[in-house]
$ cat input.cif   # mmCIF, C-alpha atoms and all ligand atoms
data_run
loop_
_atom_site.label_atom_id
_atom_site.label_comp_id
_atom_site.auth_asym_id
_atom_site.auth_seq_id
_atom_site.Cartn_x
_atom_site.Cartn_y
_atom_site.Cartn_z
CA MET A 1 0.00 0.00 0.00
CA ARG A 2 1.25 3.49 -0.82
CA SER A 3 0.36 6.61 1.19
CA ILE A 4 0.17 9.02 -1.72
CA GLY A 5 -2.66 11.30 -0.61
CA THR A 6 -5.32 13.02 -2.71
CA GLY A 7 -4.13 12.95 -6.31
CA THR A 8 -5.90 14.74 -9.16
CA LEU A 9 -8.17 12.45 -11.19
CA GLU A 10 -9.88 13.15 -14.50
CA THR A 11 -12.96 11.57 -16.04
CA GLU A 12 -14.99 12.47 -19.12
CA ARG A 13 -16.97 15.24 -17.38
CA LEU A 14 -15.11 15.77 -14.11
CA ILE A 15 -11.89 16.77 -12.44
CA LEU A 16 -11.41 15.42 -8.92
CA ARG A 17 -8.84 17.49 -7.05
CA GLN A 18 -7.75 18.76 -3.64
CA TYR A 19 -9.84 21.57 -2.17
CA THR A 20 -8.59 25.10 -1.71
CA LEU A 21 -10.13 27.69 0.62
CA ALA A 22 -11.49 29.44 -2.47
CA ASP A 23 -13.97 26.54 -2.86
CA ALA A 24 -15.95 27.55 0.25
CA GLU A 25 -18.58 29.53 -1.67
CA ASP A 26 -19.27 26.68 -4.13
CA MET A 27 -19.33 24.16 -1.32
CA TYR A 28 -21.87 26.20 0.62
CA SER A 29 -24.14 27.15 -2.27
CA ASN A 30 -23.99 23.93 -4.30
CA TRP A 31 -24.51 21.28 -1.62
CA ALA A 32 -23.52 21.92 2.02
CA SER A 33 -26.36 24.40 2.75
CA ASP A 34 -29.09 22.13 1.32
CA PRO A 35 -31.01 20.04 3.89
CA GLU A 36 -32.15 17.69 1.09
CA VAL A 37 -28.49 16.85 0.42
CA THR A 38 -27.59 16.41 4.10
CA LYS A 39 -30.80 14.52 4.94
CA PHE A 40 -29.03 11.14 5.25
CA LEU A 41 -25.56 12.47 6.11
CA THR A 42 -23.82 12.60 9.49
CA TRP A 43 -22.80 16.28 9.45
CA PRO A 44 -25.17 19.23 10.00
CA THR A 45 -26.33 21.43 7.12
CA HIS A 46 -24.03 24.44 6.88
CA THR A 47 -25.68 27.63 8.10
CA SER A 48 -23.25 30.10 6.48
CA PRO A 49 -20.35 30.16 3.98
CA ASP A 50 -18.12 30.70 7.00
CA VAL A 51 -18.95 27.18 8.23
CA SER A 52 -17.88 25.80 4.84
CA LYS A 53 -14.68 27.84 5.04
CA LYS A 54 -13.86 26.40 8.48
CA VAL A 55 -14.46 22.85 7.21
CA LEU A 56 -12.13 23.54 4.27
CA GLU A 57 -9.49 24.98 6.60
CA ASP A 58 -9.57 21.68 8.47
CA TRP A 59 -9.49 19.54 5.29
CA THR A 60 -6.78 21.49 3.45
CA ALA A 61 -4.54 21.28 6.53
CA GLN A 62 -4.72 17.48 6.25
CA TYR A 63 -3.49 17.16 2.64
CA SER A 64 0.09 16.84 3.89
CA ASP A 65 -1.01 13.51 5.39
CA GLY A 66 -0.52 10.82 2.74
CA GLY A 67 -3.40 8.82 4.20
CA PHE A 68 -5.94 11.62 3.63
CA TYR A 69 -8.12 11.21 0.54
CA ASN A 70 -10.73 13.93 0.01
CA TRP A 71 -11.68 15.29 -3.41
CA ALA A 72 -13.56 18.33 -4.67
CA ILE A 73 -15.68 17.26 -7.65
CA VAL A 74 -15.30 19.88 -10.37
CA LEU A 75 -17.63 19.95 -13.37
CA LYS A 76 -15.34 20.55 -16.33
CA ALA A 77 -18.08 22.34 -18.30
CA THR A 78 -18.34 25.17 -15.77
CA GLY A 79 -15.33 24.86 -13.48
CA SER A 80 -17.65 24.81 -10.44
CA VAL A 81 -17.13 22.55 -7.46
CA ILE A 82 -20.40 20.59 -7.28
CA GLY A 83 -19.77 17.89 -4.69
CA ASN A 84 -17.47 15.85 -2.54
CA ILE A 85 -16.09 12.33 -2.45
CA SER A 86 -13.71 11.05 0.20
CA VAL A 87 -12.29 8.13 2.14
CA VAL A 88 -14.11 8.29 5.46
CA ARG A 89 -12.20 5.40 7.05
CA LEU A 90 -8.89 3.82 6.09
CA ASN A 91 -7.77 0.51 7.58
CA SER A 92 -4.13 0.32 6.49
CA ALA A 93 -3.55 -3.15 7.94
CA ALA A 94 -6.45 -4.59 5.94
CA GLU A 95 -5.69 -2.34 2.95
CA ALA A 96 -9.36 -1.37 3.05
CA ALA A 97 -11.21 1.93 2.76
CA ASP A 98 -14.78 3.13 3.23
CA VAL A 99 -15.85 6.00 1.01
CA GLY A 100 -18.60 8.63 1.22
CA TYR A 101 -19.96 11.28 -1.14
CA ALA A 102 -22.43 14.12 -1.65
CA LEU A 103 -23.51 16.04 -4.74
CA GLY A 104 -25.40 19.31 -5.25
CA ARG A 105 -29.09 18.66 -5.92
CA ALA A 106 -29.04 20.56 -9.21
CA PHE A 107 -26.68 17.89 -10.54
CA TRP A 108 -28.52 14.73 -9.45
CA GLY A 109 -29.68 12.16 -11.98
CA ARG A 110 -26.90 12.58 -14.57
CA GLY A 111 -24.70 9.71 -13.41
CA ILE A 112 -22.11 12.15 -12.07
CA MET A 113 -21.44 10.42 -8.75
CA PRO A 114 -21.08 6.94 -10.32
CA GLU A 115 -18.53 8.52 -12.70
CA ALA A 116 -16.62 10.02 -9.74
CA LEU A 117 -16.84 6.87 -7.64
CA LYS A 118 -15.50 4.67 -10.46
CA ALA A 119 -12.48 6.97 -10.77
CA VAL A 120 -11.86 6.93 -7.01
CA ILE A 121 -12.17 3.14 -6.85
CA ALA A 122 -9.67 2.76 -9.72
CA PHE A 123 -7.25 5.18 -8.00
CA LEU A 124 -7.53 3.43 -4.63
CA PHE A 125 -6.87 0.00 -6.15
CA ASP A 126 -4.35 0.86 -8.85
CA GLU A 127 -2.38 3.76 -7.33
CA VAL A 128 -2.80 3.36 -3.57
CA GLY A 129 -2.85 -0.44 -3.71
CA LEU A 130 -5.92 -1.18 -1.62
CA SER A 131 -7.61 -4.57 -1.61
CA ARG A 132 -11.11 -3.45 -0.67
CA VAL A 133 -13.28 -0.35 -1.14
CA ALA A 134 -16.65 -0.24 0.61
CA ALA A 135 -19.51 2.16 1.25
CA CYS A 136 -22.76 2.14 3.16
CA HIS A 137 -26.02 4.01 2.95
CA ASP A 138 -29.14 4.48 5.04
CA ALA A 139 -31.71 1.90 3.96
CA ASN A 140 -34.08 4.83 3.37
CA ASN A 141 -31.64 6.39 0.87
CA PRO A 142 -31.63 3.90 -2.02
CA ASN A 143 -30.34 6.55 -4.48
CA SER A 144 -26.93 6.12 -2.90
CA GLY A 145 -27.16 2.35 -3.35
CA ARG A 146 -27.72 2.92 -7.06
CA VAL A 147 -24.44 4.84 -7.19
CA MET A 148 -22.64 1.88 -5.57
CA ASP A 149 -24.27 -0.58 -8.00
CA LYS A 150 -23.34 1.53 -11.02
CA ALA A 151 -19.73 1.82 -9.82
CA GLY A 152 -19.43 -1.97 -9.70
CA MET A 153 -19.81 -2.55 -5.97
CA LYS A 154 -21.64 -5.65 -4.73
CA TYR A 155 -24.30 -5.75 -2.02
CA GLU A 156 -22.84 -7.31 1.14
CA GLY A 157 -25.58 -7.08 3.73
CA THR A 158 -27.61 -4.82 5.97
CA LEU A 159 -26.56 -3.97 9.51
CA ARG A 160 -29.68 -3.30 11.53
CA GLN A 161 -29.72 -0.03 13.51
CA ALA A 162 -25.96 0.28 13.10
CA GLY A 163 -25.76 3.87 11.89
CA HIS A 164 -26.79 7.35 12.93
CA ASN A 165 -27.34 10.36 10.69
CA ASN A 166 -29.48 13.50 10.48
CA GLN A 167 -32.60 11.28 10.38
CA GLY A 168 -31.63 9.40 13.57
CA THR A 169 -30.66 5.75 13.92
CA CYS A 170 -30.72 3.79 10.67
CA ASP A 171 -30.08 0.41 9.09
CA GLU A 172 -26.78 0.49 7.14
CA VAL A 173 -26.75 -1.14 3.69
CA TRP A 174 -23.19 -2.13 2.78
CA HIS A 175 -21.63 -2.58 -0.66
CA SER A 176 -18.02 -3.28 -1.58
CA VAL A 177 -15.60 -4.13 -4.33
CA ILE A 178 -12.56 -6.28 -3.63
CA LYS A 179 -9.44 -6.81 -5.72
CA SER A 180 -10.57 -10.14 -7.14
CA ASP A 181 -13.84 -8.57 -8.40
CA ARG A 182 -11.82 -6.36 -10.75
CA VAL A 183 -10.50 -8.76 -13.37
C1 LIG B 201 -26.86 9.77 -3.85
C2 LIG B 201 -26.27 10.78 -4.87
C3 LIG B 201 -24.78 10.92 -4.62
C4 LIG B 201 -26.51 10.24 -6.29
O1 LIG B 201 -25.68 10.94 -7.21
P1 LIG B 201 -26.12 11.07 -8.76
O2 LIG B 201 -24.96 11.61 -9.50
O3 LIG B 201 -27.41 11.79 -8.84
O4 LIG B 201 -26.35 9.53 -9.14
P2 LIG B 201 -27.22 8.95 -10.38
O5 LIG B 201 -27.39 9.99 -11.43
O6 LIG B 201 -26.60 7.66 -10.74
O7 LIG B 201 -28.64 8.68 -9.70
C5 LIG B 201 -28.77 7.70 -8.69
C6 LIG B 201 -30.25 7.51 -8.37
O8 LIG B 201 -30.77 8.70 -7.80
C7 LIG B 201 -32.18 8.84 -8.19
N1 LIG B 201 -32.33 10.15 -8.79
C8 LIG B 201 -31.85 10.58 -9.96
N2 LIG B 201 -32.19 11.87 -10.16
C9 LIG B 201 -32.87 12.27 -9.09
C10 LIG B 201 -33.45 13.50 -8.71
N3 LIG B 201 -33.37 14.57 -9.47
N4 LIG B 201 -34.07 13.55 -7.50
C11 LIG B 201 -34.14 12.48 -6.71
N5 LIG B 201 -33.58 11.29 -7.03
C12 LIG B 201 -32.96 11.18 -8.20
C13 LIG B 201 -32.49 7.72 -9.16
O9 LIG B 201 -33.13 6.69 -8.42
C14 LIG B 201 -31.11 7.25 -9.60
O10 LIG B 201 -31.08 5.87 -9.91
P3 LIG B 201 -31.39 5.40 -11.44
O11 LIG B 201 -30.35 6.03 -12.31
O12 LIG B 201 -31.30 3.92 -11.36
O13 LIG B 201 -32.77 5.91 -11.78
C15 LIG B 201 -26.96 12.16 -4.73
O14 LIG B 201 -28.33 11.97 -4.84
C16 LIG B 201 -26.63 12.85 -3.43
O15 LIG B 201 -25.62 13.53 -3.30
N6 LIG B 201 -27.52 12.70 -2.42
C17 LIG B 201 -27.35 13.37 -1.14
C18 LIG B 201 -26.12 12.92 -0.37
C19 LIG B 201 -26.11 11.43 -0.14
O16 LIG B 201 -27.14 10.81 0.08
N7 LIG B 201 -24.90 10.85 -0.19
C20 LIG B 201 -24.69 9.43 0.03
C21 LIG B 201 -24.68 9.11 1.45
S1 LIG B 201 -24.42 7.35 1.72
#
$ encode --input "input.cif" --output "structure tokens"
Amino acid sequence: MRSIGTGTLETERLILRQYTLADAEDMYSNWASDPEVTKFLTWPTHTSPDVSKKVLEDWTAQYSDGGFYNWAIVLKATGSVIGNISVVRLNSAAEAADVGYALGRAFWGRGIMPEALKAVIAFLFDEVGLSRVAACHDANNPNSGRVMDKAGMKYEGTLRQAGHNNQGTCDEVWHSVIKSDRV
């Protein structure tokens, strides 16, 4: 496994890159201030651009850590930052990561997050050298499960009342891809 940190990735429609503090306005207005986006997430809806700026101050300070993987999703067509995808838990011994993501509502339904997730999965396997990439969603948020399906993850199981988010306690639906799935 290599601790190479958040590298820039490119797909057909997207650039995935490290955040800068200048992204705070896009972060706030495109997704972090929208309670529909944060409905099934674990962090509170941002109440001002200053909250987004503080979050970005924290994240950008961590890019020097090679085990920190957190991308701004940039729509090439406009140059705007429209969402986030990151490793939320890294188990170096198992060479395994859990990922999470959120996208501005105006951009839902165009297959953007599956495109981003596929690129992140490829990076984590091929560049970082992981053996497993997993993700979970609230059972009441099947849209996120569709993203996992489209990115080639397989359903693993449902952990009853194992999670907690802005809706309260929830059943966690887990998906993963392991190295041997990718031949
Ligand atoms: C889940 C999410 C990332 C999906 O991203 P996306 O780029 O829209 O993904 P897709 O375009 O592949 O759409 C996935 C599913 O969302 C649903 N969907 C699509 N457009 C939608 C819209 N405008 N409104 C509501 N649901 C929509 C569809 O069921 C779609 O599945 P389908 O393609 O089989 O019909 C996005 O909805 C989001 O950011 N939600 C809020 C944050 C979140 O839940 N993150 C995941 C936490 S585990």
$ closest_residue --input "input.cif" --among "A:Leu21, A:Met27, A:Leu90, A:Ala135" --to "ligand LIG 201 (chain B)" --atoms "only C-alpha atoms and all ligand atoms"
A:Ala135
$ closest_residue --input "input.cif" --among "A:Val173, A:Ile82, A:Ala32, A:Leu41" --to "ligand LIG 201 (chain B)" --atoms "only C-alpha atoms and all ligand atoms"
A:Leu41
$ residues_around --input "input.cif" --residues "stretch 104-112 of chain A" --least-positions-apart "4" --cutoff "9 Å" --atoms "only C-alpha atoms" --output "list of chain:residue names"
A:Arg13, A:Leu14, A:Met27, A:Ser29, A:Asn30, A:Trp31, A:Ala32, A:Asp34, A:Glu36, A:Val37, A:Ile82, A:Gly83, A:Ala116, A:Leu117, A:Val147, A:Lys150
$ residues_around --input "input.cif" --residues "A:Tyr69" --least-positions-apart "4" --cutoff "6 Å" --atoms "only C-alpha atoms" --output "compact mmCIF listing (two decimals) with C-alpha atoms, keeping the file's coordinate frame"
# COMPACT_ATOMS: atom_id res chain seq x y z
CA GLY A 5 -2.66 11.30 -0.61
CA THR A 6 -5.32 13.02 -2.71
CA SER A 86 -13.71 11.05 0.20
CA VAL A 87 -12.29 8.13 2.14
$ atom_distance --input "input.cif" --atom1 "atom CA of A:Trp71" --atom2 "atom CA of A:Gln161"
29.1 Å
$ residues_near_point --input "input.cif" --point "(-5.9, -5.5, -3.7)" --cutoff "9 Å" --atoms "all atoms listed in the file" --output "ChimeraX atom specification"
/A:1,95-96,125-126,129-132,178-180
$ atom_distance --input "input.cif" --atom1 "atom CA of A:Glu115" --atom2 "atom CA of A:Ala134"
16.0 Å
$ residues_around --input "input.cif" --residues "A:Trp59" --least-positions-apart "3" --cutoff "12 Å" --atoms "all atoms listed in the file" --output "count of residues only"
23
$ closest_residue --input "input.cif" --among "A:Gly163, A:Gly157, A:Gly79, A:Gly7" --to "ligand LIG 201 (chain B)" --atoms "all atoms listed in the file"
A:Gly163
$ atom_distance --input "input.cif" --atom1 "atom O10 of ligand LIG 201 (chain B)" --atom2 "atom CA of A:Glu172"
18.4 Å
$ decode --input "input.cif" --residues "stretch 43-59 of chain A" --atoms "N, CA and C atoms" --output "PDB file, in the first residue's frame"
ATOM      1  N   TRP A  43     -23.188  14.919   9.031  1.00  0.00           N
ATOM      2  CA  TRP A  43     -22.801  16.278   9.449  1.00  0.00           C
ATOM      3  C   TRP A  43     -23.981  17.239   9.251  1.00  0.00           C
ATOM      4  N   PRO A  44     -24.031  18.304  10.089  1.00  0.00           N
ATOM      5  CA  PRO A  44     -25.166  19.227  10.003  1.00  0.00           C
ATOM      6  C   PRO A  44     -25.088  20.122   8.761  1.00  0.00           C
ATOM      7  N   THR A  45     -26.246  20.490   8.238  1.00  0.00           N
ATOM      8  CA  THR A  45     -26.333  21.430   7.117  1.00  0.00           C
ATOM      9  C   THR A  45     -25.603  22.715   7.492  1.00  0.00           C
ATOM     10  N   HIS A  46     -24.774  23.220   6.568  1.00  0.00           N
ATOM     11  CA  HIS A  46     -24.033  24.443   6.877  1.00  0.00           C
ATOM     12  C   HIS A  46     -24.981  25.648   6.913  1.00  0.00           C
ATOM     13  N   THR A  47     -24.777  26.495   7.915  1.00  0.00           N
ATOM     14  CA  THR A  47     -25.677  27.631   8.098  1.00  0.00           C
ATOM     15  C   THR A  47     -25.114  28.930   7.519  1.00  0.00           C
ATOM     16  N   SER A  48     -23.836  28.911   7.111  1.00  0.00           N
ATOM     17  CA  SER A  48     -23.248  30.100   6.481  1.00  0.00           C
ATOM     18  C   SER A  48     -21.999  29.667   5.705  1.00  0.00           C
ATOM     19  N   PRO A  49     -21.585  30.489   4.723  1.00  0.00           N
ATOM     20  CA  PRO A  49     -20.355  30.163   3.984  1.00  0.00           C
ATOM     21  C   PRO A  49     -19.143  30.059   4.908  1.00  0.00           C
ATOM     22  N   ASP A  50     -19.226  30.745   6.055  1.00  0.00           N
ATOM     23  CA  ASP A  50     -18.115  30.697   6.999  1.00  0.00           C
ATOM     24  C   ASP A  50     -17.929  29.286   7.574  1.00  0.00           C
ATOM     25  N   VAL A  51     -19.046  28.568   7.753  1.00  0.00           N
ATOM     26  CA  VAL A  51     -18.948  27.180   8.234  1.00  0.00           C
ATOM     27  C   VAL A  51     -18.207  26.344   7.194  1.00  0.00           C
ATOM     28  N   SER A  52     -18.558  26.540   5.907  1.00  0.00           N
ATOM     29  CA  SER A  52     -17.881  25.799   4.835  1.00  0.00           C
ATOM     30  C   SER A  52     -16.392  26.142   4.824  1.00  0.00           C
ATOM     31  N   LYS A  53     -16.079  27.415   5.036  1.00  0.00           N
ATOM     32  CA  LYS A  53     -14.675  27.839   5.041  1.00  0.00           C
ATOM     33  C   LYS A  53     -13.906  27.148   6.170  1.00  0.00           C
ATOM     34  N   LYS A  54     -14.536  27.051   7.329  1.00  0.00           N
ATOM     35  CA  LYS A  54     -13.863  26.401   8.477  1.00  0.00           C
ATOM     36  C   LYS A  54     -13.636  24.921   8.191  1.00  0.00           C
ATOM     37  N   VAL A  55     -14.625  24.266   7.572  1.00  0.00           N
ATOM     38  CA  VAL A  55     -14.462  22.851   7.209  1.00  0.00           C
ATOM     39  C   VAL A  55     -13.291  22.710   6.238  1.00  0.00           C
ATOM     40  N   LEU A  56     -13.218  23.615   5.261  1.00  0.00           N
ATOM     41  CA  LEU A  56     -12.133  23.538   4.269  1.00  0.00           C
ATOM     42  C   LEU A  56     -10.776  23.858   4.893  1.00  0.00           C
ATOM     43  N   GLU A  57     -10.756  24.722   5.892  1.00  0.00           N
ATOM     44  CA  GLU A  57      -9.486  24.984   6.599  1.00  0.00           C
ATOM     45  C   GLU A  57      -8.993  23.691   7.245  1.00  0.00           C
ATOM     46  N   ASP A  58      -9.919  22.960   7.828  1.00  0.00           N
ATOM     47  CA  ASP A  58      -9.569  21.680   8.467  1.00  0.00           C
ATOM     48  C   ASP A  58      -9.097  20.671   7.412  1.00  0.00           C
ATOM     49  N   TRP A  59      -9.851  20.536   6.322  1.00  0.00           N
ATOM     50  CA  TRP A  59      -9.492  19.543   5.292  1.00  0.00           C
ATOM     51  C   TRP A  59      -8.175  19.873   4.606  1.00  0.00           C
TER      52      TRP A  59
END
